[in-house]
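So the structure is just underneath, and the comments pick up after that.
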Amino acid sequence: MNKILEVRNLSKIYGPGCPLCLESTGPEADTNLCPHCGSVVAIHDVSFDLFEGEILGVMGESGSGKSTVVKNLYFDQAPSSGEAIFYDRDKQHDLFALNAAQQRWLRNHRFGMVYQNPHLGLNFNISAGGNIAERLLMSDLMDYGAIRERAKALLARTEVLLSRVDDLPKNFSGGMQQRVQIAKALATQPPLLFLDEVTTGLDLSVQARILDLILEIQQELKTAMVVVTHDLGVIRLLTGRAIVMKYGRVIEAGLTDQILEDPQHAYTQRLVASAL
Amino acid sequence: MLQPILQVEAYGKHFQLHEQNKLIPSSHNVNFSVSAGCLTALVGPTGAGKSSVLKGIYRTYLPSAGRILYRDAMGHELDLILASEHQILELRRREIGFVTQFLHCLPRQATLDVVAQPLLVLGVSRDEARQRAAELLSAMNLPERLWSVSPATFSGGERQRVNLARGFIAKPRLLLLDEPTASLDPATAERVIGLVEGLKSEGTAMLAIFHHPETTRRLADQVVELAPPPAVEELLKEIA
């Protein structure tokens, strides 16, 4: 098995920052807000590896910084410090040392992202098929007929009715919007996919089918995934390894069954105990 | 005696419960080895930490003390306590199987696919994997009408058979068994014992906990008696 992503000491601070920020925040301080300068230490010193075809869970409650991790890696935001290396076939990309054009290229060709909020992942002014076409165009596919065929195949794969390919996303149910987002993210067959709370807020039966779809896709395409969620059920179902975050820091990392059956940190013990 | 493929030395496990500020001893100073084609049985009273030894080997628990030396298929020896997460995952995929007391599987997946899963991971084709799964399930007397539905609605004994079939299918080098025949009727238990003997003769090393002393007597080549762990105060003295 080969490594696909290596994240080292990733930090993101909102605000001016001061020398006391780091020691005044984190799980021990019980806050991510620096009392001295008012900055928010969203994440600090986050490190992990991801291997090809592996699903890593990032768990934690709201404000733990888990979404910030994937937003940095998908270039939605720039980190304050830290490093991430993406191993792409025979190439290595030092993600935060790339220029904007190079970052955009990776984002369009090699990464995929599915957001909790479909408004972030989809363009609501164009049809479902158009959304996928947009991503295919950005990845240099130019032939109209080929784009249309590929968009249809992707929507069929994610179980969106083909009769709705020309409908606007706003006329879709929440579950269908997530399916279109997944189809769009997969359009370029990226080796690396980020999923940020993709089933949160959906009906249980819809959640189940989306999770099944994600697992099927992972088995078919061997896509490596980083799955951000506060839902221990999703962690248990999808991931092989997981990291637990609180107030921007990684407090525990391990095999998923170990974290759920023998959690080490007081916070993880509380989290697991309250879920079962 | 063959060279052991697993050597457990001074294994210990205790749980630190932060919320209640408690230390719970589970296993203490456990020593034994397991060889290819042999079955080592763990016996002892409830609370002696038998399951905790199996879970420590599989990394479902993080061990607190000792060494777990494993010799892999390539002949390399590594301490499973120190091995990386990816090394453990790779061993779980290729060499070490675990049949737990309860079936953990993906919901909404047909029984045949649940059982075939370990072979798919190894790259066996779906058709062949399902074929092997079907053979095992019929060997275990699980009615064919159940094969295409999810085990979620199965009885305890039916689930146990699915669990065993999934554990046996890839013929692991080391198989951990936690009370595999506890909820089976005598006739089915007899079939399972036959399958365990078959795997043993093909070279699988096994470490097992059996509910019935009779099963231990019939299948074990070696019996390891575990004593309950010492009281917390004793343990604390030792750790300090």
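Ordering of the structure tokens sets the chain letters (A, B, ...); residue numbers start at 1 within each chain; ligands are numbered from 1 in the order shown.
The interface of chain A with chain B at 6 Å, considering only C-alpha atoms, consists of A:Asp257, A:Gln258, A:Asp262, A:Ala266.
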>> Write out as a list in words the set of residues from region 68-154 of chain A that DSSP, computed on the backbone, places in strand (DSSP E).
In response: Ser81, Gly82, Glu83, Ala84, Ile85, Phe86, Tyr87, Asp88, Lys91, Gln92, His93, Asp94, Phe111, Gly112, Met113 and Val114 of chain A
Put those residues in a file: C-alpha atoms, as a CSV table (one decimal), in the first residue's frame.
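Generated file (out_26.csv):
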```csv
chain,number,residue,atom,x,y,z
A,81,SER,CA,1.3,27.0,8.8
A,82,GLY,CA,2.0,23.4,8.2
A,83,GLU,CA,2.7,21.1,5.2
A,84,ALA,CA,0.8,18.6,3.1
A,85,ILE,CA,2.3,16.3,0.5
A,86,PHE,CA,0.0,14.7,-2.1
A,87,TYR,CA,1.6,11.7,-3.8
A,88,ASP,CA,0.1,11.4,-7.3
A,91,LYS,CA,4.7,12.9,-8.7
A,92,GLN,CA,4.7,14.6,-5.4
A,93,HIS,CA,2.9,17.9,-4.7
A,94,ASP,CA,3.8,20.1,-1.8
A,111,PHE,CA,-9.4,16.0,-5.7
A,112,GLY,CA,-13.1,15.8,-5.0
A,113,MET,CA,-15.2,17.4,-2.3
A,114,VAL,CA,-18.7,16.8,-1.0
```
>> Set the distance at 9 Å and use only C-alpha atoms: which residues neighbour Leu73 (chain A) once local chain neighbours fewer than 5 positions away are removed? I'd like the list as a PyMOL selection string.
In response: chain A and resi 7+68+78-79+84+95-96+194
Filtering to N, CA and C atoms, could you give me those residues as a compact mmCIF listing (two decimals), in the first residue's frame?
```
# COMPACT_ATOMS: atom_id res chain seq x y z
N VAL A 7 0.03 14.76 5.94
CA VAL A 7 -0.26 16.08 6.51
C VAL A 7 0.60 16.25 7.75
N THR A 68 -12.31 22.37 9.13
CA THR A 68 -11.20 23.23 8.73
C THR A 68 -10.07 22.42 8.11
N ALA A 78 -6.49 28.92 3.16
CA ALA A 78 -5.06 28.67 3.27
C ALA A 78 -4.73 28.47 4.75
N PRO A 79 -3.91 27.47 5.09
CA PRO A 79 -3.54 27.28 6.49
C PRO A 79 -2.58 28.37 6.96
N ALA A 84 1.52 19.75 3.59
CA ALA A 84 0.79 18.56 3.14
C ALA A 84 1.39 18.13 1.82
N LEU A 95 1.48 20.71 -1.26
CA LEU A 95 0.23 21.42 -1.55
C LEU A 95 0.26 22.92 -1.29
N PHE A 96 0.82 23.33 -0.16
CA PHE A 96 0.72 24.75 0.19
C PHE A 96 1.87 25.58 -0.38
N PHE A 194 -12.77 14.24 -0.37
CA PHE A 194 -13.06 14.75 0.97
C PHE A 194 -14.57 14.79 1.16
```
List as an mmCIF file with N, CA and C atoms, in the first residue's frame the protein and nucleic acid residues near region 230-237 of chain A, meaning an atom at most 6 Å away when only C-alpha atoms are counted, but skip any in the same chain fewer than 2 places from it.
```cif
data_model
loop_
_atom_site.group_PDB
_atom_site.id
_atom_site.type_symbol
_atom_site.label_atom_id
_atom_site.label_comp_id
_atom_site.auth_asym_id
_atom_site.auth_seq_id
_atom_site.Cartn_x
_atom_site.Cartn_y
_atom_site.Cartn_z
ATOM 1 N N GLY A 57 -11.378 8.589 9.160
ATOM 2 C CA GLY A 57 -12.416 9.403 9.781
ATOM 3 C C GLY A 57 -11.799 10.537 10.585
ATOM 4 N N MET A 59 -13.197 12.813 13.511
ATOM 5 C CA MET A 59 -14.386 12.975 14.341
ATOM 6 C C MET A 59 -14.176 14.024 15.419
ATOM 7 N N GLY A 60 -15.289 14.559 15.901
ATOM 8 C CA GLY A 60 -15.221 15.601 16.912
ATOM 9 C C GLY A 60 -16.506 16.399 16.853
ATOM 10 N N GLU A 61 -16.734 17.211 17.888
ATOM 11 C CA GLU A 61 -17.987 17.962 17.918
ATOM 12 C C GLU A 61 -17.839 19.265 17.133
ATOM 13 N N THR A 239 -15.111 3.942 8.128
ATOM 14 C CA THR A 239 -13.671 4.172 8.248
ATOM 15 C C THR A 239 -12.912 2.992 8.838
#
```
Polymer residues at most 8 Å from region 121-134 of chain A, only C-alpha atoms, same-chain spacing of 4 or more positions, as an mmCIF file with N, CA and C atoms, in the first residue's frame:
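Result saved to part.cif:
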```
data_model
loop_
_atom_site.group_PDB
_atom_site.id
_atom_site.type_symbol
_atom_site.label_atom_id
_atom_site.label_comp_id
_atom_site.auth_asym_id
_atom_site.auth_seq_id
_atom_site.Cartn_x
_atom_site.Cartn_y
_atom_site.Cartn_z
ATOM 1 N N MET A 113 -14.677 16.965 -3.575
ATOM 2 C CA MET A 113 -15.178 17.390 -2.267
ATOM 3 C C MET A 113 -16.690 17.301 -2.269
ATOM 4 N N VAL A 114 -17.242 16.782 -1.183
ATOM 5 C CA VAL A 114 -18.693 16.791 -1.004
ATOM 6 C C VAL A 114 -18.954 17.501 0.322
ATOM 7 N N TYR A 115 -19.703 18.593 0.238
ATOM 8 C CA TYR A 115 -19.958 19.406 1.420
ATOM 9 C C TYR A 115 -21.268 19.012 2.092
ATOM 10 N N ASN A 117 -23.353 21.246 3.095
ATOM 11 C CA ASN A 117 -24.281 22.192 2.494
ATOM 12 C C ASN A 117 -24.157 22.128 0.971
ATOM 13 N N MET A 138 -13.798 21.940 -16.697
ATOM 14 C CA MET A 138 -12.625 22.433 -15.982
ATOM 15 C C MET A 138 -11.493 21.432 -16.032
ATOM 16 N N ILE A 147 -19.321 14.961 -22.956
ATOM 17 C CA ILE A 147 -19.627 15.499 -21.630
ATOM 18 C C ILE A 147 -21.021 15.069 -21.198
ATOM 19 N N ARG A 148 -21.951 15.176 -22.109
ATOM 20 C CA ARG A 148 -23.344 14.845 -21.788
ATOM 21 C C ARG A 148 -23.466 13.352 -21.431
ATOM 22 N N ALA A 151 -21.873 12.765 -17.984
ATOM 23 C CA ALA A 151 -22.714 13.303 -16.912
ATOM 24 C C ALA A 151 -23.872 12.353 -16.635
ATOM 25 N N LYS A 152 -24.471 11.832 -17.706
ATOM 26 C CA LYS A 152 -25.588 10.902 -17.540
ATOM 27 C C LYS A 152 -25.131 9.627 -16.834
ATOM 28 N N LEU A 155 -24.640 10.340 -13.117
ATOM 29 C CA LEU A 155 -25.894 10.480 -12.387
ATOM 30 C C LEU A 155 -26.579 9.125 -12.239
ATOM 31 N N ARG A 164 -34.204 13.599 -14.829
ATOM 32 C CA ARG A 164 -34.052 14.844 -14.092
ATOM 33 C C ARG A 164 -32.716 15.527 -14.348
ATOM 34 N N VAL A 165 -32.002 15.036 -15.361
ATOM 35 C CA VAL A 165 -30.657 15.562 -15.603
ATOM 36 C C VAL A 165 -30.669 17.069 -15.912
ATOM 37 N N ASP A 166 -31.773 17.568 -16.491
ATOM 38 C CA ASP A 166 -31.837 18.983 -16.842
ATOM 39 C C ASP A 166 -32.557 19.839 -15.797
ATOM 40 N N ASP A 167 -32.888 19.237 -14.647
ATOM 41 C CA ASP A 167 -33.550 20.011 -13.581
ATOM 42 C C ASP A 167 -32.531 20.789 -12.761
ATOM 43 N N LEU A 168 -32.997 21.878 -12.169
ATOM 44 C CA LEU A 168 -32.129 22.674 -11.304
ATOM 45 C C LEU A 168 -31.989 22.004 -9.929
ATOM 46 N N PRO A 169 -30.819 22.133 -9.290
ATOM 47 C CA PRO A 169 -30.611 21.493 -7.975
ATOM 48 C C PRO A 169 -31.643 21.907 -6.932
ATOM 49 N N LYS A 170 -32.174 23.108 -7.049
ATOM 50 C CA LYS A 170 -33.119 23.551 -6.010
ATOM 51 C C LYS A 170 -34.415 22.736 -6.038
ATOM 52 N N VAL A 180 -26.095 14.298 -6.403
ATOM 53 C CA VAL A 180 -25.546 15.089 -7.520
ATOM 54 C C VAL A 180 -24.154 15.595 -7.138
ATOM 55 N N GLN A 181 -24.004 16.028 -5.883
ATOM 56 C CA GLN A 181 -22.682 16.474 -5.433
ATOM 57 C C GLN A 181 -21.652 15.362 -5.548
ATOM 58 N N ALA A 183 -21.794 12.756 -7.550
ATOM 59 C CA ALA A 183 -21.543 12.530 -8.982
ATOM 60 C C ALA A 183 -20.565 13.575 -9.520
ATOM 61 N N LYS A 184 -20.759 14.824 -9.101
ATOM 62 C CA LYS A 184 -19.887 15.902 -9.559
ATOM 63 C C LYS A 184 -18.457 15.706 -9.042
ATOM 64 N N ALA A 187 -16.635 13.069 -10.993
ATOM 65 C CA ALA A 187 -16.605 13.221 -12.448
ATOM 66 C C ALA A 187 -15.217 12.971 -13.031
#
```
> Could you name the residues that touch Thr215 (chain B) at 10 Å or less, counting only C-alpha atoms, but leaving out those on the same chain fewer than 3 positions away, as an MDAnalysis selection string?
Replying inline: chainID B and resid 41 181 189:190 193 209:212 218:220
Residue subset to file, keeping N, CA and C atoms, as a PDB file, in the first residue's frame:
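Resulting contents of selection-v9.pdb:
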```
ATOM      1  N   ALA B  41      -5.881 -23.091  23.713  1.00  0.00           N
ATOM      2  CA  ALA B  41      -7.137 -22.637  24.319  1.00  0.00           C
ATOM      3  C   ALA B  41      -6.840 -21.844  25.583  1.00  0.00           C
ATOM      4  N   THR B 181     -18.709 -21.447  19.497  1.00  0.00           N
ATOM      5  CA  THR B 181     -19.805 -22.425  19.446  1.00  0.00           C
ATOM      6  C   THR B 181     -20.837 -22.196  20.542  1.00  0.00           C
ATOM      7  N   ALA B 189     -22.770 -27.339  16.222  1.00  0.00           N
ATOM      8  CA  ALA B 189     -21.484 -27.218  16.922  1.00  0.00           C
ATOM      9  C   ALA B 189     -20.538 -28.321  16.446  1.00  0.00           C
ATOM     10  N   GLU B 190     -21.112 -29.505  16.231  1.00  0.00           N
ATOM     11  CA  GLU B 190     -20.313 -30.638  15.762  1.00  0.00           C
ATOM     12  C   GLU B 190     -19.718 -30.343  14.378  1.00  0.00           C
ATOM     13  N   ILE B 193     -16.887 -27.868  14.791  1.00  0.00           N
ATOM     14  CA  ILE B 193     -15.689 -28.520  15.315  1.00  0.00           C
ATOM     15  C   ILE B 193     -14.945 -29.236  14.184  1.00  0.00           C
ATOM     16  N   ILE B 209     -11.146 -19.306  22.810  1.00  0.00           N
ATOM     17  CA  ILE B 209     -11.843 -19.389  24.089  1.00  0.00           C
ATOM     18  C   ILE B 209     -13.111 -20.181  23.802  1.00  0.00           C
ATOM     19  N   PHE B 210     -13.324 -21.268  24.518  1.00  0.00           N
ATOM     20  CA  PHE B 210     -14.537 -22.065  24.314  1.00  0.00           C
ATOM     21  C   PHE B 210     -15.431 -22.000  25.539  1.00  0.00           C
ATOM     22  N   HIS B 211     -16.709 -22.008  25.260  1.00  0.00           N
ATOM     23  CA  HIS B 211     -17.699 -21.964  26.329  1.00  0.00           C
ATOM     24  C   HIS B 211     -17.710 -23.298  27.085  1.00  0.00           C
ATOM     25  N   HIS B 212     -17.664 -24.399  26.334  1.00  0.00           N
ATOM     26  CA  HIS B 212     -17.785 -25.720  26.959  1.00  0.00           C
ATOM     27  C   HIS B 212     -16.410 -26.355  27.162  1.00  0.00           C
ATOM     28  N   ARG B 218     -11.572 -31.469  23.402  1.00  0.00           N
ATOM     29  CA  ARG B 218     -11.489 -32.127  22.103  1.00  0.00           C
ATOM     30  C   ARG B 218     -10.553 -31.437  21.120  1.00  0.00           C
ATOM     31  N   LEU B 219     -10.518 -30.107  21.171  1.00  0.00           N
ATOM     32  CA  LEU B 219      -9.813 -29.389  20.108  1.00  0.00           C
ATOM     33  C   LEU B 219      -8.428 -28.859  20.490  1.00  0.00           C
ATOM     34  N   ALA B 220      -8.194 -28.636  21.790  1.00  0.00           N
ATOM     35  CA  ALA B 220      -6.971 -27.924  22.172  1.00  0.00           C
ATOM     36  C   ALA B 220      -5.751 -28.825  22.162  1.00  0.00           C
TER      37      ALA B 220
END
```
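CA of Ser27 (chain B) to CA of Gly44 (chain B) spans 11.3 Å [interatomic distance, one decimal].
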>> From a backbone DSSP assignment, name each residue in region 70-250 of chain A labelled alpha helix (DSSP H), as a PyMOL selection string.
In response: chain A and resi 70-73+100-109+118-121+128-138+144-157+174-186+204-221+232-238
> Got a sec: who's within 9 Å of region 159-166 of chain B, counting only C-alpha atoms, leaving out chain neighbours fewer than 3 positions off, as a PyMOL selection string?
Replying inline: chain B and resi 99-105+111-112+114-118+133+136-137+140-142+151-156+169-170+177+180-184+188+192
Atoms kept (C-alpha atoms) for selection, written as a PDB file, in the first residue's frame:
```pdb
ATOM      1  CA  VAL B  99     -14.282 -14.442  15.100  1.00  0.00           C
ATOM      2  CA  THR B 100     -15.822 -12.370  17.870  1.00  0.00           C
ATOM      3  CA  GLN B 101     -18.851 -13.236  19.983  1.00  0.00           C
ATOM      4  CA  PHE B 102     -20.970 -10.784  18.063  1.00  0.00           C
ATOM      5  CA  LEU B 103     -21.277 -10.333  14.334  1.00  0.00           C
ATOM      6  CA  HIS B 104     -20.170  -6.905  13.178  1.00  0.00           C
ATOM      7  CA  CYS B 105     -21.014  -6.387   9.537  1.00  0.00           C
ATOM      8  CA  THR B 111     -25.199 -12.860   3.961  1.00  0.00           C
ATOM      9  CA  LEU B 112     -23.336 -14.369   1.030  1.00  0.00           C
ATOM     10  CA  VAL B 114     -20.761 -10.692   4.225  1.00  0.00           C
ATOM     11  CA  VAL B 115     -19.060 -14.086   4.208  1.00  0.00           C
ATOM     12  CA  ALA B 116     -17.286 -13.529   0.867  1.00  0.00           C
ATOM     13  CA  GLN B 117     -15.876 -10.133   1.930  1.00  0.00           C
ATOM     14  CA  PRO B 118     -12.448 -11.291   3.238  1.00  0.00           C
ATOM     15  CA  ALA B 133     -19.056 -18.616   0.771  1.00  0.00           C
ATOM     16  CA  LEU B 136     -19.039 -22.873   3.788  1.00  0.00           C
ATOM     17  CA  LEU B 137     -22.566 -21.807   4.665  1.00  0.00           C
ATOM     18  CA  MET B 140     -22.488 -25.018   8.502  1.00  0.00           C
ATOM     19  CA  ASN B 141     -26.083 -25.927   7.877  1.00  0.00           C
ATOM     20  CA  LEU B 142     -27.348 -22.406   7.273  1.00  0.00           C
ATOM     21  CA  PRO B 151     -27.932 -11.226   8.844  1.00  0.00           C
ATOM     22  CA  ALA B 152     -29.518  -8.315  10.763  1.00  0.00           C
ATOM     23  CA  THR B 153     -32.690 -10.300  11.454  1.00  0.00           C
ATOM     24  CA  PHE B 154     -30.982 -13.650  12.127  1.00  0.00           C
ATOM     25  CA  SER B 155     -31.131 -15.585  15.388  1.00  0.00           C
ATOM     26  CA  GLY B 156     -28.026 -15.768  17.604  1.00  0.00           C
ATOM     27  CA  ILE B 169     -13.188 -18.395   4.425  1.00  0.00           C
ATOM     28  CA  ALA B 170      -9.773 -16.824   3.819  1.00  0.00           C
ATOM     29  CA  LEU B 177     -11.869 -17.453  18.204  1.00  0.00           C
ATOM     30  CA  PRO B 180     -17.420 -19.603  18.526  1.00  0.00           C
ATOM     31  CA  THR B 181     -19.805 -22.425  19.446  1.00  0.00           C
ATOM     32  CA  ALA B 182     -21.579 -20.843  22.426  1.00  0.00           C
ATOM     33  CA  SER B 183     -24.964 -20.294  20.772  1.00  0.00           C
ATOM     34  CA  LEU B 184     -25.053 -23.269  18.419  1.00  0.00           C
ATOM     35  CA  THR B 188     -24.180 -27.492  14.253  1.00  0.00           C
ATOM     36  CA  VAL B 192     -18.068 -26.325  13.339  1.00  0.00           C
TER      37      VAL B 192
END
```
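For the residues B:Val196, B:Leu235, B:Met74, B:Ala10, ranking by smallest atom-to-atom distance to Thr216 (chain B) using only C-alpha atoms places B:Val196 first.
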> For Lys3 (chain A), which residue out of A:Leu202, A:Ala224, A:Ala185, A:Leu120 is the nearest one, using only C-alpha atoms?
Replying inline: A:Ala224
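Nearest to Val232 (chain B) of all the residues B:Arg71, B:Arg132, B:Lys22, B:Lys13 is B:Lys22, counting only C-alpha atoms.
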